[in-house]
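S.K.: Just dropping this structure here.
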Amino acid sequence: MRPVGYRHTPAGRVGAVARWVALVVAAALFLLPFAVLVRDGVATGWSTVAEVFSGDEVPFARSLLNSTVVAVLQTAGQLLVCSLAGYGLARVPYRHAPVVLYAIVATLMVPTAVTFVPSFVVVSSLGWLSDLRGLVVPGLFSALNVFLFRQYFLDFPVALEEAGRLDGLSRWGVFRRVVVPNSTAFFAAIAVIDFIGSWNQFLWPLVIAQDSTSWTVQVAMSSLLTAQNPKITLLFAAAAVSILPIVLVFVLLQRYLVRGVTETGLTG
Amino acid sequence: MSGRRAALAFWLFVGPFAAGLLLFTYVPIGWSAYLSFFDARNTVTPTDFVGFDNYAGVLTDRAFLDSIGTFTVFAAFVIPATVVAALALALLVDRVPVARAFFRSVFFLPFACSYVVAALVWKMALFSGVDSGVANTVLGWFGGEPQAWTGTVDPPLYWVVLVTTRLWLQLGFYMILFIAALQRIPAHLYEAAWTDGASPGWQTFRHVTLPGLRGALVAVLTLNLINAYQAFDEFYNILGDSRGYPPFARPPLVYLYYTSLGSGGQDLGRGSAGAVVLALVIALVTLLSGRVLRRVG
């Protein structure tokens, strides 16, 4: 690896030890919150976890189900809608494509802070408050995802697509039978990022899910946290349960996650 | 392929997304601009035109101006700390000879955690006001008095809680961006620097590593700025409780939430005016920072 040249000098060795110590200390600090979560949440026993699910103030089991449905539908929907748009923008020679691309990328500059109030207005006019549609649909149209898919498809080998065309496939057929099957790693990377983002989102569900039956797990957790006299052991048990799916996704699919973050071309 | 067929194919692919973007981004922004000129309390279809009253209201509202101030303080702490610490972590992890994947995972793991869960751990365990809280225990080792971290305004100890929460959650993400950039710096540049007599350490870092990271630095600064504007989750969950939200430390998003949707106001007109003003402020800052970054880069 790169800075190898000086590792065998005495000064280099002292530096290496200092760096090692710094890393271990930093790692311990980063793991501390997880240790607290396990100590105060899981280690209090199954009865606490059972109590979280049976408590009648907060519909916790329902909120976990809602989060699962929202995260799965939103991730699948984003992949479908955004990959199609990214492919069209990358490959179809349409005269006005640059204008459309500009109109999409321009929305990346508009932060949530500016759009959540008006988006609430639109969703409430559609009658989608406290409704699965209100939680899932507005989040499908991620301009960032479209941009990333477009960048990816621009680099996709044209020769493969031309072979598909010669076999008599339509443009759609090429996309479905050639491009998508050869891009599973990239789709997986985006899916992991989208799933984690969807599972963890808080402000939008807080605004939209006004009826407790439509709460996601983050909103349920927050209401436990801001309740009068919050029961701390219950809270930690709930938190431990709520991060379980994400930790699982993280551990199983971490390489896709890292690839997704690094391949986004943000640092190029 | 004729132009018309290309247009058809294009809209078949891009159409569903474009329609959604139109309905859920462009229409809301237009609607918000419209609402900002009406008295829209508890209604999304107002009839009372009030001109610039909502703008005057929001610009003379102490809480709104304070929220801009809160954002500025928050960004001033979080952005430099994130850049320096993420870069330091990236350099350490990139150069550690063993267990590189382990360390990378440890620092990246919080990225998968929600702000709500982090807020809970910070508020109830690490920085809880009781003597047995982690921070108070550490203070005790050095003979310090236990502190009510989230509730102490003078000195503003609540900032320690808010800033460390965000650092823990986002450092790993930026570290990964830096690591990716570090690995793209060609090895021969380092060898050339050593041949030229640069000492491996600060000089190499200054003349090879840092210039190679310019693109990543700009990306990290920009993303940090955008993310700092979105600050809501940790503020809401750390500082709010059943009694409501304290008057201090409301970032813009918390202000807009309470003004337009919170239990008190439901004033969508004023909330929309606030959103428009905020959009202008953000555009201005982005423009200025872009100019500064270009001069640096």
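Going through the structure tokens in order, the chains are called A, B, and so on, while each chain numbers its residues from 1 and the ligands are numbered from 1 in the order shown.
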Show me, as a ChimeraX atom specification, the residues of chain B whose atoms get within 7 Å of chain A, using only C-alpha atoms for the distance check.

M.R.: /B:6-7,10,13-14,16-17,20-21,24,28-29,31-32,44,92,103,106-107,112-114,116-117,120-121,168,176-177,180-181,187,200,215-216,219,226,229-230,233,237,240-242,253,272,275-276,278-279

S.K.: List every residue of stretch 70-229 of chain A that DSSP, applied to the backbone of this structure, assigns to helix (DSSP H, G or I), and report them as a ChimeraX atom specification.

M.R.: /A:70-91,97-109,112-125,132-140,143-154,158-166,171-179,181-200,203-208,212-214,217-225

S.K.: Find the spatial neighbours of stretch 286-294 of chain B, counting only C-alpha atoms, within a cut-off of 10 Å - ignore same-chain residues fewer than 6 positions away - and output them as a CSV table (one decimal) with C-alpha atoms, in the first residue's frame.

M.R.:
chain,number,residue,atom,x,y,z
A,109,MET,CA,-30.7,22.2,-4.7
B,214,ARG,CA,-9.7,18.8,-3.4
B,217,LEU,CA,-13.3,18.3,0.1
B,218,VAL,CA,-15.7,20.4,-1.9
B,221,LEU,CA,-18.4,20.7,2.5
B,222,THR,CA,-21.4,21.1,0.2
B,225,LEU,CA,-24.0,22.4,4.4
B,226,ILE,CA,-27.1,20.9,2.8
B,280,LEU,CA,-33.8,32.6,-0.7

S.K.: Suppose you want the space between atom CA of B:Arg250 and atom CA of A:Leu129; what is it in Å?

M.R.: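 A separation of 25.6 Å between them.
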
S.K.: Skipping near chain neighbours, those fewer than 2 positions away, what residues fall within 10 Å of A:Glu161 using only C-alpha atoms, listed as a VMD selection string?

M.R.: chain A and resid 156 to 159 163 to 167 169 171 173 to 175 177 to 179

S.K.: Would you put the residues from that selection into a file with C-alpha atoms, as a CSV table (one decimal), in the first residue's frame?

M.R.:
chain,number,residue,atom,x,y,z
A,156,PHE,CA,-22.9,0.9,-19.3
A,157,PRO,CA,-21.2,-1.0,-22.3
A,158,VAL,CA,-23.0,0.0,-25.5
A,159,ALA,CA,-21.8,-3.1,-27.2
A,163,ALA,CA,-26.1,-7.1,-29.3
A,164,GLY,CA,-29.6,-7.1,-27.8
A,165,ARG,CA,-30.9,-4.8,-30.5
A,166,LEU,CA,-29.5,-7.2,-33.2
A,167,ASP,CA,-31.4,-10.0,-31.5
A,169,LEU,CA,-35.2,-6.7,-28.8
A,171,ARG,CA,-35.6,-0.5,-26.4
A,173,GLY,CA,-36.6,-5.3,-24.1
A,174,VAL,CA,-33.0,-4.3,-24.0
A,175,PHE,CA,-33.5,-2.5,-20.7
A,177,ARG,CA,-33.3,-8.3,-20.6
A,178,VAL,CA,-29.8,-6.9,-21.0
A,179,VAL,CA,-29.3,-3.8,-18.9

S.K.: Can you work out which one of A:Val38, A:Ala189, A:Leu132, A:Val105 has the shortest atom-to-atom distance to A:Leu65, counting only C-alpha atoms?

M.R.: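 Of A:Val38, A:Ala189, A:Leu132, A:Val105, the one nearest A:Leu65 is A:Leu132, counting only C-alpha atoms.
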
S.K.: Could you name the residues that touch stretch 64-69 of chain B at 10 Å or less, counting only C-alpha atoms, but leaving out those on the same chain fewer than 5 positions away, as a ChimeraX atom specification?

M.R.: /B:57-59,74-75,229,247-256,259,274,278,281

S.K.: Deliver the residues from the most recent selection as a file, using all heavy atoms, as a compact mmCIF listing (two decimals), in the first residue's frame.

M.R.:
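The file below, result29.txt, is the result:
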# COMPACT_ATOMS: atom_id res chain seq x y z
N GLY B 57 -44.64 39.43 8.91
CA GLY B 57 -44.80 38.69 10.16
C GLY B 57 -43.61 37.81 10.46
O GLY B 57 -43.07 37.82 11.57
N VAL B 58 -43.18 37.07 9.44
CA VAL B 58 -42.10 36.11 9.68
C VAL B 58 -40.77 36.84 9.90
O VAL B 58 -39.96 36.44 10.73
CB VAL B 58 -42.06 35.08 8.54
CG1 VAL B 58 -41.25 35.57 7.35
CG2 VAL B 58 -41.50 33.76 9.03
N LEU B 59 -40.56 37.95 9.18
CA LEU B 59 -39.28 38.65 9.29
C LEU B 59 -39.17 39.45 10.58
O LEU B 59 -38.07 39.81 10.99
CB LEU B 59 -39.07 39.56 8.08
CG LEU B 59 -38.73 38.81 6.79
CD1 LEU B 59 -38.72 39.74 5.59
CD2 LEU B 59 -37.38 38.10 6.91
N PHE B 74 -24.90 26.14 14.66
CA PHE B 74 -24.81 24.69 14.48
C PHE B 74 -23.85 24.36 13.34
O PHE B 74 -22.94 23.54 13.49
CB PHE B 74 -26.22 24.15 14.18
CG PHE B 74 -26.28 22.66 14.03
CD1 PHE B 74 -25.97 21.82 15.09
CD2 PHE B 74 -26.66 22.10 12.83
CE1 PHE B 74 -26.05 20.44 14.95
CE2 PHE B 74 -26.74 20.72 12.68
CZ PHE B 74 -26.43 19.89 13.74
N ALA B 75 -24.03 25.04 12.19
CA ALA B 75 -23.18 24.78 11.03
C ALA B 75 -21.73 25.13 11.34
O ALA B 75 -20.80 24.42 10.94
CB ALA B 75 -23.69 25.57 9.83
N TYR B 229 -28.82 22.22 6.99
CA TYR B 229 -30.12 22.89 6.85
C TYR B 229 -31.28 21.99 7.21
O TYR B 229 -32.34 22.43 7.59
CB TYR B 229 -30.35 23.36 5.41
CG TYR B 229 -29.64 24.62 5.06
CD1 TYR B 229 -28.65 24.64 4.09
CD2 TYR B 229 -29.98 25.82 5.69
CE1 TYR B 229 -28.00 25.80 3.76
CE2 TYR B 229 -29.33 26.98 5.37
CZ TYR B 229 -28.34 26.97 4.39
OH TYR B 229 -27.71 28.12 4.08
N PRO B 247 -37.78 27.36 24.18
CA PRO B 247 -37.65 28.49 23.24
C PRO B 247 -36.27 28.60 22.59
O PRO B 247 -36.15 29.23 21.53
CB PRO B 247 -37.93 29.71 24.13
CG PRO B 247 -37.72 29.24 25.52
CD PRO B 247 -38.04 27.79 25.54
N PHE B 248 -35.24 27.99 23.19
CA PHE B 248 -33.91 28.11 22.59
C PHE B 248 -33.67 27.00 21.58
O PHE B 248 -34.37 25.99 21.59
CB PHE B 248 -32.83 28.10 23.67
CG PHE B 248 -32.87 26.88 24.56
CD1 PHE B 248 -32.15 25.74 24.24
CD2 PHE B 248 -33.66 26.88 25.70
CE1 PHE B 248 -32.21 24.61 25.05
CE2 PHE B 248 -33.71 25.76 26.51
CZ PHE B 248 -32.99 24.63 26.19
N ALA B 249 -32.67 27.20 20.71
CA ALA B 249 -32.22 26.17 19.78
C ALA B 249 -33.33 25.59 18.92
O ALA B 249 -33.56 24.39 18.87
CB ALA B 249 -31.50 25.04 20.53
N ARG B 250 -34.06 26.47 18.22
CA ARG B 250 -34.96 25.98 17.17
C ARG B 250 -34.31 26.24 15.83
O ARG B 250 -34.23 27.38 15.41
CB ARG B 250 -36.28 26.75 17.20
CG ARG B 250 -37.15 26.47 18.38
CD ARG B 250 -38.35 27.41 18.38
NE ARG B 250 -39.04 27.28 19.65
CZ ARG B 250 -40.32 26.94 19.76
NH1 ARG B 250 -41.06 26.74 18.70
NH2 ARG B 250 -40.88 26.82 20.94
N PRO B 251 -33.85 25.19 15.14
CA PRO B 251 -33.34 25.43 13.79
C PRO B 251 -34.53 25.73 12.86
O PRO B 251 -35.68 25.51 13.25
CB PRO B 251 -32.66 24.11 13.43
CG PRO B 251 -33.28 23.11 14.31
CD PRO B 251 -33.75 23.80 15.54
N PRO B 252 -34.27 26.23 11.65
CA PRO B 252 -35.36 26.65 10.76
C PRO B 252 -36.45 25.60 10.56
O PRO B 252 -37.63 25.92 10.55
CB PRO B 252 -34.65 26.97 9.45
CG PRO B 252 -33.27 27.34 9.85
CD PRO B 252 -32.96 26.51 11.06
N LEU B 253 -36.05 24.34 10.43
CA LEU B 253 -37.03 23.30 10.16
C LEU B 253 -37.97 23.10 11.35
O LEU B 253 -39.17 22.87 11.17
CB LEU B 253 -36.28 21.99 9.84
CG LEU B 253 -36.93 21.01 8.88
CD1 LEU B 253 -37.47 21.70 7.66
CD2 LEU B 253 -35.92 19.95 8.47
N VAL B 254 -37.42 23.21 12.56
CA VAL B 254 -38.26 23.09 13.75
C VAL B 254 -39.22 24.28 13.83
O VAL B 254 -40.41 24.12 14.13
CB VAL B 254 -37.39 23.00 15.03
CG1 VAL B 254 -38.26 23.10 16.28
CG2 VAL B 254 -36.61 21.69 15.04
N TYR B 255 -38.72 25.46 13.50
CA TYR B 255 -39.58 26.65 13.48
C TYR B 255 -40.74 26.46 12.50
O TYR B 255 -41.90 26.69 12.83
CB TYR B 255 -38.77 27.89 13.09
CG TYR B 255 -39.63 29.11 12.87
CD1 TYR B 255 -40.00 29.92 13.94
CD2 TYR B 255 -40.13 29.43 11.61
CE1 TYR B 255 -40.81 31.02 13.76
CE2 TYR B 255 -40.95 30.53 11.42
CZ TYR B 255 -41.29 31.32 12.50
OH TYR B 255 -42.11 32.39 12.30
N LEU B 256 -40.41 26.02 11.27
CA LEU B 256 -41.46 25.84 10.26
C LEU B 256 -42.46 24.77 10.68
O LEU B 256 -43.65 24.91 10.47
CB LEU B 256 -40.84 25.45 8.91
CG LEU B 256 -40.06 26.54 8.18
CD1 LEU B 256 -39.51 25.99 6.87
CD2 LEU B 256 -40.95 27.74 7.92
N THR B 259 -44.69 26.27 13.38
CA THR B 259 -45.54 27.35 12.88
C THR B 259 -46.66 26.82 12.00
O THR B 259 -47.82 27.21 12.13
CB THR B 259 -44.69 28.35 12.07
OG1 THR B 259 -43.64 28.82 12.90
CG2 THR B 259 -45.54 29.52 11.60
N GLY B 274 -42.23 31.71 5.48
CA GLY B 274 -40.95 31.32 6.08
C GLY B 274 -40.16 30.41 5.16
O GLY B 274 -38.95 30.57 5.01
N LEU B 278 -36.59 31.23 3.59
CA LEU B 278 -35.51 30.26 3.84
C LEU B 278 -34.87 29.80 2.52
O LEU B 278 -33.65 29.70 2.41
CB LEU B 278 -36.08 29.06 4.59
CG LEU B 278 -35.06 28.13 5.23
CD1 LEU B 278 -34.23 28.89 6.25
CD2 LEU B 278 -35.75 26.95 5.88
N VAL B 281 -32.58 32.46 1.42
CA VAL B 281 -31.36 32.47 2.24
C VAL B 281 -30.43 31.34 1.80
O VAL B 281 -29.23 31.54 1.60
CB VAL B 281 -31.70 32.32 3.74
CG1 VAL B 281 -30.44 32.11 4.56
CG2 VAL B 281 -32.45 33.55 4.24

S.K.: Please determine, counting only C-alpha atoms, which residue among B:Arg166, B:Leu8, B:Leu35, B:Ala231 has the shortest atom-to-atom distance to B:Phe52.

M.R.: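 Looking at the shortest contact to B:Phe52, the residue is B:Leu35.
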
S.K.: Determine, counting only C-alpha atoms, which protein, DNA and RNA residues have an atom within 8 Å of an atom of B:Leu171; residues of the same chain fewer than 3 positions away are not included. Present the result as an NGL selection string.

M.R.: :B and (82 or 85-86 or 107-108 or 167-168 or 174-175)

S.K.: Could you write out that same residue set with N, CA, C and O atoms as a PDB file, in the first residue's frame?

M.R.:
ATOM      1  N   THR B  82     -16.690  18.052  11.321  1.00  0.00           N
ATOM      2  CA  THR B  82     -16.916  16.881  10.485  1.00  0.00           C
ATOM      3  C   THR B  82     -15.800  16.706   9.468  1.00  0.00           C
ATOM      4  O   THR B  82     -15.284  15.599   9.276  1.00  0.00           O
ATOM      5  N   ALA B  85     -12.461  15.681  11.374  1.00  0.00           N
ATOM      6  CA  ALA B  85     -12.503  14.360  11.987  1.00  0.00           C
ATOM      7  C   ALA B  85     -12.682  13.258  10.940  1.00  0.00           C
ATOM      8  O   ALA B  85     -12.063  12.197  11.041  1.00  0.00           O
ATOM      9  N   ALA B  86     -13.524  13.505   9.924  1.00  0.00           N
ATOM     10  CA  ALA B  86     -13.740  12.472   8.900  1.00  0.00           C
ATOM     11  C   ALA B  86     -12.449  12.233   8.116  1.00  0.00           C
ATOM     12  O   ALA B  86     -12.110  11.090   7.793  1.00  0.00           O
ATOM     13  N   PHE B 107     -16.808   2.575  12.131  1.00  0.00           N
ATOM     14  CA  PHE B 107     -17.083   4.001  11.969  1.00  0.00           C
ATOM     15  C   PHE B 107     -18.284   4.256  11.060  1.00  0.00           C
ATOM     16  O   PHE B 107     -18.939   5.290  11.156  1.00  0.00           O
ATOM     17  N   PHE B 108     -18.563   3.303  10.178  1.00  0.00           N
ATOM     18  CA  PHE B 108     -19.644   3.479   9.211  1.00  0.00           C
ATOM     19  C   PHE B 108     -20.989   3.034   9.784  1.00  0.00           C
ATOM     20  O   PHE B 108     -22.033   3.498   9.341  1.00  0.00           O
ATOM     21  N   LEU B 167     -22.237  14.284  14.846  1.00  0.00           N
ATOM     22  CA  LEU B 167     -20.908  13.797  14.445  1.00  0.00           C
ATOM     23  C   LEU B 167     -20.887  12.269  14.415  1.00  0.00           C
ATOM     24  O   LEU B 167     -20.403  11.656  13.466  1.00  0.00           O
ATOM     25  N   TRP B 168     -21.442  11.655  15.458  1.00  0.00           N
ATOM     26  CA  TRP B 168     -21.440  10.192  15.528  1.00  0.00           C
ATOM     27  C   TRP B 168     -22.187   9.606  14.327  1.00  0.00           C
ATOM     28  O   TRP B 168     -21.734   8.654  13.698  1.00  0.00           O
ATOM     29  N   TYR B 174     -18.906  10.433   5.639  1.00  0.00           N
ATOM     30  CA  TYR B 174     -17.915  11.292   4.999  1.00  0.00           C
ATOM     31  C   TYR B 174     -16.535  10.638   4.975  1.00  0.00           C
ATOM     32  O   TYR B 174     -15.746  10.860   4.056  1.00  0.00           O
ATOM     33  N   MET B 175     -16.257   9.815   6.011  1.00  0.00           N
ATOM     34  CA  MET B 175     -14.994   9.074   6.015  1.00  0.00           C
ATOM     35  C   MET B 175     -14.891   8.186   4.772  1.00  0.00           C
ATOM     36  O   MET B 175     -13.845   8.122   4.123  1.00  0.00           O
TER      37      MET B 175
END
